[in-house]
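**Q** target.csv (CSV, N, CA and C atoms) pasted underneath:
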chain,number,residue,atom,x,y,z
A,1,MET,N,42.6,10.4,-31.9
A,1,MET,CA,41.8,9.2,-32.2
A,1,MET,C,40.4,9.8,-32.5
A,2,SER,N,39.8,9.3,-33.6
A,2,SER,CA,38.5,9.8,-34.0
A,2,SER,C,37.4,8.8,-33.5
A,3,THR,N,36.3,9.4,-33.1
A,3,THR,CA,35.2,8.5,-32.6
A,3,THR,C,34.5,7.8,-33.7
A,4,ALA,N,34.6,8.4,-35.0
A,4,ALA,CA,33.9,7.8,-36.1
A,4,ALA,C,34.5,6.4,-36.5
A,5,THR,N,35.8,6.3,-36.2
A,5,THR,CA,36.5,5.0,-36.6
A,5,THR,C,36.6,4.0,-35.4
A,6,ASP,N,36.1,4.4,-34.3
A,6,ASP,CA,36.1,3.5,-33.1
A,6,ASP,C,35.1,2.4,-33.3
A,7,PRO,N,35.5,1.1,-33.3
A,7,PRO,CA,34.5,0.0,-33.6
A,7,PRO,C,33.5,-0.2,-32.4
A,8,GLN,N,33.9,0.1,-31.2
A,8,GLN,CA,33.0,-0.1,-30.1
A,8,GLN,C,32.3,1.2,-29.7
A,9,PRO,N,31.0,1.2,-29.7
A,9,PRO,CA,30.3,2.4,-29.3
A,9,PRO,C,30.5,2.6,-27.8
A,10,GLN,N,30.5,3.9,-27.4
A,10,GLN,CA,30.7,4.3,-26.0
A,10,GLN,C,29.3,4.2,-25.3
A,11,THR,N,29.2,3.5,-24.2
A,11,THR,CA,28.0,3.5,-23.5
A,11,THR,C,28.2,4.0,-22.1
A,12,PRO,N,27.2,4.6,-21.5
A,12,PRO,CA,27.5,5.1,-20.1
A,12,PRO,C,27.6,3.9,-19.2
A,13,GLN,N,28.3,4.2,-18.1
A,13,GLN,CA,28.5,3.1,-17.1
A,13,GLN,C,27.2,2.7,-16.5
A,14,GLN,N,27.0,1.4,-16.3
A,14,GLN,CA,25.7,1.0,-15.7
A,14,GLN,C,25.9,1.0,-14.2
A,15,GLN,N,24.8,1.4,-13.6
A,15,GLN,CA,24.8,1.5,-12.1
A,15,GLN,C,24.4,0.1,-11.6
A,16,PRO,N,25.0,-0.4,-10.5
A,16,PRO,CA,24.6,-1.7,-10.0
A,16,PRO,C,23.1,-1.7,-9.6
A,17,GLN,N,22.4,-2.8,-9.9
A,17,GLN,CA,21.0,-2.8,-9.5
A,17,GLN,C,20.9,-3.2,-8.0
A,18,GLN,N,19.9,-2.5,-7.4
A,18,GLN,CA,19.6,-2.7,-6.0
A,18,GLN,C,18.6,-3.9,-5.9
A,19,PRO,N,18.7,-4.7,-4.9
A,19,PRO,CA,17.7,-5.7,-4.7
A,19,PRO,C,16.3,-5.1,-4.5
A,20,PRO,N,15.3,-5.8,-4.9
A,20,PRO,CA,13.9,-5.2,-4.7
A,20,PRO,C,13.6,-5.2,-3.2
A,21,ARG,N,12.9,-4.2,-2.8
A,21,ARG,CA,12.6,-4.1,-1.4
A,21,ARG,C,11.1,-4.5,-1.3
A,22,PRO,N,10.7,-5.0,-0.1
A,22,PRO,CA,9.3,-5.5,0.0
A,22,PRO,C,8.3,-4.3,-0.1
A,23,ALA,N,7.1,-4.7,-0.6
A,23,ALA,CA,6.1,-3.6,-0.8
A,23,ALA,C,5.7,-3.0,0.5
A,24,THR,N,5.5,-3.7,1.5
A,24,THR,CA,5.1,-3.2,2.8
A,24,THR,C,5.9,-3.8,3.9
A,25,ASP,N,5.9,-3.1,5.0
A,25,ASP,CA,6.6,-3.6,6.2
A,25,ASP,C,5.7,-4.6,6.9
A,26,PRO,N,6.2,-5.8,7.2
A,26,PRO,CA,5.3,-6.7,7.9
A,26,PRO,C,4.8,-6.3,9.2
A,27,LEU,N,5.5,-5.5,10.0
A,27,LEU,CA,5.1,-5.0,11.2
A,27,LEU,C,3.9,-4.0,11.0
A,28,LEU,N,4.0,-3.2,10.0
A,28,LEU,CA,2.9,-2.2,9.7
A,28,LEU,C,1.7,-3.0,9.3
A,29,THR,N,1.8,-4.0,8.5
A,29,THR,CA,0.7,-4.9,8.1
A,29,THR,C,0.0,-5.5,9.3
A,30,LEU,N,0.8,-6.0,10.2
A,30,LEU,CA,0.3,-6.7,11.4
A,30,LEU,C,-0.5,-5.6,12.3
A,31,CYS,N,0.1,-4.5,12.4
A,31,CYS,CA,-0.6,-3.4,13.2
A,31,CYS,C,-2.0,-3.0,12.6
A,32,LEU,N,-2.0,-2.9,11.2
A,32,LEU,CA,-3.2,-2.6,10.5
A,32,LEU,C,-4.3,-3.7,10.7
A,33,VAL,N,-3.8,-4.9,10.6
A,33,VAL,CA,-4.8,-6.0,10.8
A,33,VAL,C,-5.4,-6.0,12.2
A,34,ILE,N,-4.5,-5.8,13.2
A,34,ILE,CA,-5.0,-5.8,14.6
A,34,ILE,C,-6.0,-4.6,14.8
A,35,LEU,N,-5.6,-3.5,14.3
A,35,LEU,CA,-6.5,-2.3,14.4
A,35,LEU,C,-7.8,-2.5,13.7
A,36,GLY,N,-7.8,-3.1,12.5
A,36,GLY,CA,-9.1,-3.4,11.8
A,36,GLY,C,-9.9,-4.4,12.6
A,37,ALA,N,-9.3,-5.4,13.2
A,37,ALA,CA,-10.0,-6.4,14.0
A,37,ALA,C,-10.7,-5.7,15.3
A,38,LEU,N,-9.9,-4.8,15.9
A,38,LEU,CA,-10.5,-4.1,17.1
A,38,LEU,C,-11.6,-3.2,16.7
A,39,VAL,N,-11.5,-2.6,15.6
A,39,VAL,CA,-12.6,-1.7,15.1
A,39,VAL,C,-13.9,-2.5,14.8
A,40,LEU,N,-13.7,-3.7,14.1
A,40,LEU,CA,-14.8,-4.5,13.8
A,40,LEU,C,-15.5,-5.1,15.1
A,41,ALA,N,-14.6,-5.5,16.1
A,41,ALA,CA,-15.1,-6.0,17.3
A,41,ALA,C,-15.9,-5.0,18.1
A,42,THR,N,-15.4,-3.8,18.1
A,42,THR,CA,-16.1,-2.7,18.8
A,42,THR,C,-17.5,-2.4,18.1
A,43,ALA,N,-17.5,-2.3,16.8
A,43,ALA,CA,-18.7,-2.1,16.1
A,43,ALA,C,-19.7,-3.2,16.4
A,44,GLY,N,-19.2,-4.5,16.4
A,44,GLY,CA,-20.1,-5.6,16.7
A,44,GLY,C,-20.7,-5.5,18.1
A,45,TYR,N,-19.9,-5.2,19.0
A,45,TYR,CA,-20.3,-5.0,20.4
A,45,TYR,C,-21.4,-4.0,20.5
A,46,LEU,N,-21.1,-2.8,19.9
A,46,LEU,CA,-22.1,-1.7,20.0
A,46,LEU,C,-23.4,-2.1,19.3
A,47,CYS,N,-23.4,-2.9,18.2
A,47,CYS,CA,-24.6,-3.3,17.6
A,47,CYS,C,-25.4,-4.3,18.5
A,48,VAL,N,-24.7,-5.1,19.2
A,48,VAL,CA,-25.4,-6.1,20.1
A,48,VAL,C,-25.9,-5.4,21.4
A,49,ALA,N,-25.1,-4.6,22.0
A,49,ALA,CA,-25.4,-3.9,23.3
A,49,ALA,C,-26.4,-2.8,23.1
A,50,HIS,N,-26.3,-2.1,22.0
A,50,HIS,CA,-27.2,-1.0,21.7
A,50,HIS,C,-27.8,-1.1,20.3
A,51,PRO,N,-28.9,-1.8,20.2
A,51,PRO,CA,-29.5,-2.1,18.9
A,51,PRO,C,-29.9,-0.8,18.2
A,52,SER,N,-30.2,0.3,18.9
A,52,SER,CA,-30.6,1.5,18.2
A,52,SER,C,-29.4,2.1,17.4
A,53,LEU,N,-28.2,1.7,17.6
A,53,LEU,CA,-27.0,2.2,16.9
A,53,LEU,C,-26.7,1.4,15.6
A,54,THR,N,-27.5,0.3,15.4
A,54,THR,CA,-27.2,-0.6,14.3
A,54,THR,C,-27.3,0.2,12.9
A,55,GLY,N,-28.3,1.0,12.8
A,55,GLY,CA,-28.5,1.7,11.5
A,55,GLY,C,-27.4,2.7,11.2
A,56,PRO,N,-27.0,3.6,12.2
A,56,PRO,CA,-25.9,4.5,12.0
A,56,PRO,C,-24.6,3.8,11.8
A,57,ILE,N,-24.3,2.7,12.5
A,57,ILE,CA,-23.1,2.0,12.3
A,57,ILE,C,-23.0,1.4,10.9
A,58,ALA,N,-24.1,0.8,10.5
A,58,ALA,CA,-24.1,0.2,9.1
A,58,ALA,C,-23.9,1.3,8.0
A,59,THR,N,-24.5,2.5,8.2
A,59,THR,CA,-24.3,3.6,7.3
A,59,THR,C,-22.8,4.0,7.2
A,60,VAL,N,-22.2,4.2,8.4
A,60,VAL,CA,-20.8,4.6,8.4
A,60,VAL,C,-19.9,3.5,7.8
A,61,ALA,N,-20.2,2.2,8.1
A,61,ALA,CA,-19.4,1.1,7.6
A,61,ALA,C,-19.5,1.0,6.1
A,62,THR,N,-20.7,1.3,5.5
A,62,THR,CA,-20.8,1.3,4.1
A,62,THR,C,-20.0,2.4,3.4
A,63,VAL,N,-20.1,3.6,4.0
A,63,VAL,CA,-19.3,4.7,3.4
A,63,VAL,C,-17.8,4.5,3.6
A,64,ALA,N,-17.4,4.0,4.7
A,64,ALA,CA,-16.0,3.7,5.0
A,64,ALA,C,-15.5,2.6,4.1
A,65,GLY,N,-16.3,1.6,3.8
A,65,GLY,CA,-15.9,0.5,2.9
A,65,GLY,C,-15.6,1.1,1.5
A,66,ALA,N,-16.5,1.9,1.0
A,66,ALA,CA,-16.4,2.5,-0.3
A,66,ALA,C,-15.1,3.4,-0.4
A,67,LEU,N,-14.8,4.2,0.7
A,67,LEU,CA,-13.6,5.0,0.7
A,67,LEU,C,-12.4,4.2,0.7
A,68,PHE,N,-12.4,3.1,1.5
A,68,PHE,CA,-11.2,2.2,1.6
A,68,PHE,C,-10.9,1.6,0.2
A,69,ALA,N,-12.0,1.2,-0.4
A,69,ALA,CA,-11.8,0.6,-1.8
A,69,ALA,C,-11.3,1.6,-2.7
A,70,ALA,N,-11.8,2.8,-2.7
A,70,ALA,CA,-11.3,3.8,-3.6
A,70,ALA,C,-9.8,4.1,-3.4
A,71,VAL,N,-9.4,4.2,-2.1
A,71,VAL,CA,-8.0,4.5,-1.8
A,71,VAL,C,-7.1,3.3,-2.2
A,72,GLY,N,-7.6,2.1,-2.0
A,72,GLY,CA,-6.8,0.9,-2.4
A,72,GLY,C,-6.6,0.9,-3.8
A,73,VAL,N,-7.6,1.2,-4.6
A,73,VAL,CA,-7.5,1.2,-6.1
A,73,VAL,C,-6.5,2.3,-6.5
A,74,ALA,N,-6.6,3.5,-5.9
A,74,ALA,CA,-5.7,4.6,-6.2
A,74,ALA,C,-4.2,4.2,-5.9
A,75,VAL,N,-4.0,3.6,-4.8
A,75,VAL,CA,-2.6,3.2,-4.4
A,75,VAL,C,-2.1,2.1,-5.3
A,76,ALA,N,-3.0,1.2,-5.7
A,76,ALA,CA,-2.5,0.1,-6.6
A,76,ALA,C,-2.2,0.6,-8.0
A,77,VAL,N,-3.0,1.6,-8.5
A,77,VAL,CA,-2.7,2.2,-9.8
A,77,VAL,C,-1.4,3.0,-9.7
A,78,ARG,N,-1.2,3.7,-8.6
A,78,ARG,CA,0.0,4.5,-8.5
A,78,ARG,C,1.3,3.7,-8.5
A,79,ARG,N,1.2,2.5,-7.8
A,79,ARG,CA,2.4,1.7,-7.7
A,79,ARG,C,2.8,1.0,-9.0
A,80,ARG,N,1.9,0.9,-9.9
A,80,ARG,CA,2.2,0.2,-11.2
A,80,ARG,C,3.2,0.8,-12.0
Spell out the structure here as structure tokens.
**A**
Amino acid sequence: MSTATDPQPQTPQQQPQQPPRPATDPLLTLCLVILGALVLATAGYLCVAHPSLTGPIATVATVAGALFAAVGVAVAVRRR
């Protein structure tokens, strides 16, 4: 039998599609939210109890915010 006269083209077998998995684990998200809240609460307490630490804490928070934003953008671009 010749493949040139075969009316139906041969296609490779299709693999069954897997259901989409969630982007993040809900437990991991919850842990990160709780950790973030604890860090913010600790920084707030230190700023109230020790006013001299307000400047250094604000500086660290500014740099950390910029780093978190950069990492978030990098992760979002990579997942696309």
**Q** Interatomic distance between atom C of A:Cys47 and atom N of A:Ala61?
**A**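 Going from atom C of A:Cys47 over to atom N of A:Ala61, I get 13.3 Å.
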**Q** In Å to one decimal, how far is atom N of A:Gly72 from atom CA of A:Leu53?
**A**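 Computing it gives 27.1 Å between the two atoms.
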**Q** Could you jot down the atom N of A:Ala43 to atom N of A:Gly55 separation for me, Å, one decimal place?
**A**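 Pair atom N of A:Ala43 / atom N of A:Gly55 returns 12.0 Å.
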**Q** Please produce stretch 54-65 of chain A, completed to all heavy atoms, as a PDB file, in the coordinates of the input.
**A**
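Output (result_36.pdb):
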ATOM      1  N   THR A  54     -27.500   0.300  15.400  1.00  0.00           N
ATOM      2  CA  THR A  54     -27.200  -0.600  14.300  1.00  0.00           C
ATOM      3  C   THR A  54     -27.300   0.200  12.900  1.00  0.00           C
ATOM      4  O   THR A  54     -26.411   0.010  12.069  1.00  0.00           O
ATOM      5  CB  THR A  54     -28.089  -1.804  14.280  1.00  0.00           C
ATOM      6  OG1 THR A  54     -27.906  -2.487  15.518  1.00  0.00           O
ATOM      7  CG2 THR A  54     -27.774  -2.741  13.142  1.00  0.00           C
ATOM      8  N   GLY A  55     -28.300   1.000  12.800  1.00  0.00           N
ATOM      9  CA  GLY A  55     -28.500   1.700  11.500  1.00  0.00           C
ATOM     10  C   GLY A  55     -27.400   2.700  11.200  1.00  0.00           C
ATOM     11  O   GLY A  55     -26.763   2.673  10.162  1.00  0.00           O
ATOM     12  N   PRO A  56     -27.000   3.600  12.200  1.00  0.00           N
ATOM     13  CA  PRO A  56     -25.900   4.500  12.000  1.00  0.00           C
ATOM     14  C   PRO A  56     -24.600   3.800  11.800  1.00  0.00           C
ATOM     15  O   PRO A  56     -23.777   4.241  10.918  1.00  0.00           O
ATOM     16  CB  PRO A  56     -25.882   5.363  13.236  1.00  0.00           C
ATOM     17  CG  PRO A  56     -27.248   5.276  13.797  1.00  0.00           C
ATOM     18  CD  PRO A  56     -27.751   3.913  13.448  1.00  0.00           C
ATOM     19  N   ILE A  57     -24.300   2.700  12.500  1.00  0.00           N
ATOM     20  CA  ILE A  57     -23.100   2.000  12.300  1.00  0.00           C
ATOM     21  C   ILE A  57     -23.000   1.400  10.900  1.00  0.00           C
ATOM     22  O   ILE A  57     -21.942   1.403  10.264  1.00  0.00           O
ATOM     23  CB  ILE A  57     -22.864   0.971  13.421  1.00  0.00           C
ATOM     24  CG1 ILE A  57     -22.580   1.678  14.742  1.00  0.00           C
ATOM     25  CG2 ILE A  57     -21.721   0.012  13.080  1.00  0.00           C
ATOM     26  CD1 ILE A  57     -22.500   0.761  15.935  1.00  0.00           C
ATOM     27  N   ALA A  58     -24.100   0.800  10.500  1.00  0.00           N
ATOM     28  CA  ALA A  58     -24.100   0.200   9.100  1.00  0.00           C
ATOM     29  C   ALA A  58     -23.900   1.300   8.000  1.00  0.00           C
ATOM     30  O   ALA A  58     -23.196   1.054   7.055  1.00  0.00           O
ATOM     31  CB  ALA A  58     -25.467  -0.468   8.887  1.00  0.00           C
ATOM     32  N   THR A  59     -24.500   2.500   8.200  1.00  0.00           N
ATOM     33  CA  THR A  59     -24.300   3.600   7.300  1.00  0.00           C
ATOM     34  C   THR A  59     -22.800   4.000   7.200  1.00  0.00           C
ATOM     35  O   THR A  59     -22.210   4.138   6.140  1.00  0.00           O
ATOM     36  CB  THR A  59     -25.135   4.776   7.642  1.00  0.00           C
ATOM     37  OG1 THR A  59     -26.493   4.361   7.698  1.00  0.00           O
ATOM     38  CG2 THR A  59     -24.971   5.897   6.653  1.00  0.00           C
ATOM     39  N   VAL A  60     -22.200   4.200   8.400  1.00  0.00           N
ATOM     40  CA  VAL A  60     -20.800   4.600   8.400  1.00  0.00           C
ATOM     41  C   VAL A  60     -19.900   3.500   7.800  1.00  0.00           C
ATOM     42  O   VAL A  60     -18.945   3.751   7.111  1.00  0.00           O
ATOM     43  CB  VAL A  60     -20.380   4.878   9.899  1.00  0.00           C
ATOM     44  CG1 VAL A  60     -18.873   5.029  10.022  1.00  0.00           C
ATOM     45  CG2 VAL A  60     -21.076   6.133  10.373  1.00  0.00           C
ATOM     46  N   ALA A  61     -20.200   2.200   8.100  1.00  0.00           N
ATOM     47  CA  ALA A  61     -19.400   1.100   7.600  1.00  0.00           C
ATOM     48  C   ALA A  61     -19.500   1.000   6.100  1.00  0.00           C
ATOM     49  O   ALA A  61     -18.524   0.762   5.380  1.00  0.00           O
ATOM     50  CB  ALA A  61     -19.900  -0.218   8.191  1.00  0.00           C
ATOM     51  N   THR A  62     -20.700   1.300   5.500  1.00  0.00           N
ATOM     52  CA  THR A  62     -20.800   1.300   4.100  1.00  0.00           C
ATOM     53  C   THR A  62     -20.000   2.400   3.400  1.00  0.00           C
ATOM     54  O   THR A  62     -19.305   2.175   2.425  1.00  0.00           O
ATOM     55  CB  THR A  62     -22.338   1.508   3.690  1.00  0.00           C
ATOM     56  OG1 THR A  62     -23.096   0.462   4.298  1.00  0.00           O
ATOM     57  CG2 THR A  62     -22.540   1.481   2.193  1.00  0.00           C
ATOM     58  N   VAL A  63     -20.100   3.600   4.000  1.00  0.00           N
ATOM     59  CA  VAL A  63     -19.300   4.700   3.400  1.00  0.00           C
ATOM     60  C   VAL A  63     -17.800   4.500   3.600  1.00  0.00           C
ATOM     61  O   VAL A  63     -17.005   4.707   2.670  1.00  0.00           O
ATOM     62  CB  VAL A  63     -19.718   6.064   4.074  1.00  0.00           C
ATOM     63  CG1 VAL A  63     -18.790   7.196   3.660  1.00  0.00           C
ATOM     64  CG2 VAL A  63     -21.153   6.391   3.726  1.00  0.00           C
ATOM     65  N   ALA A  64     -17.400   4.000   4.700  1.00  0.00           N
ATOM     66  CA  ALA A  64     -16.000   3.700   5.000  1.00  0.00           C
ATOM     67  C   ALA A  64     -15.500   2.600   4.100  1.00  0.00           C
ATOM     68  O   ALA A  64     -14.338   2.705   3.548  1.00  0.00           O
ATOM     69  CB  ALA A  64     -15.770   3.283   6.443  1.00  0.00           C
ATOM     70  N   GLY A  65     -16.300   1.600   3.800  1.00  0.00           N
ATOM     71  CA  GLY A  65     -15.900   0.500   2.900  1.00  0.00           C
ATOM     72  C   GLY A  65     -15.600   1.100   1.500  1.00  0.00           C
ATOM     73  O   GLY A  65     -14.667   0.699   0.807  1.00  0.00           O
TER      74      GLY A  65
END
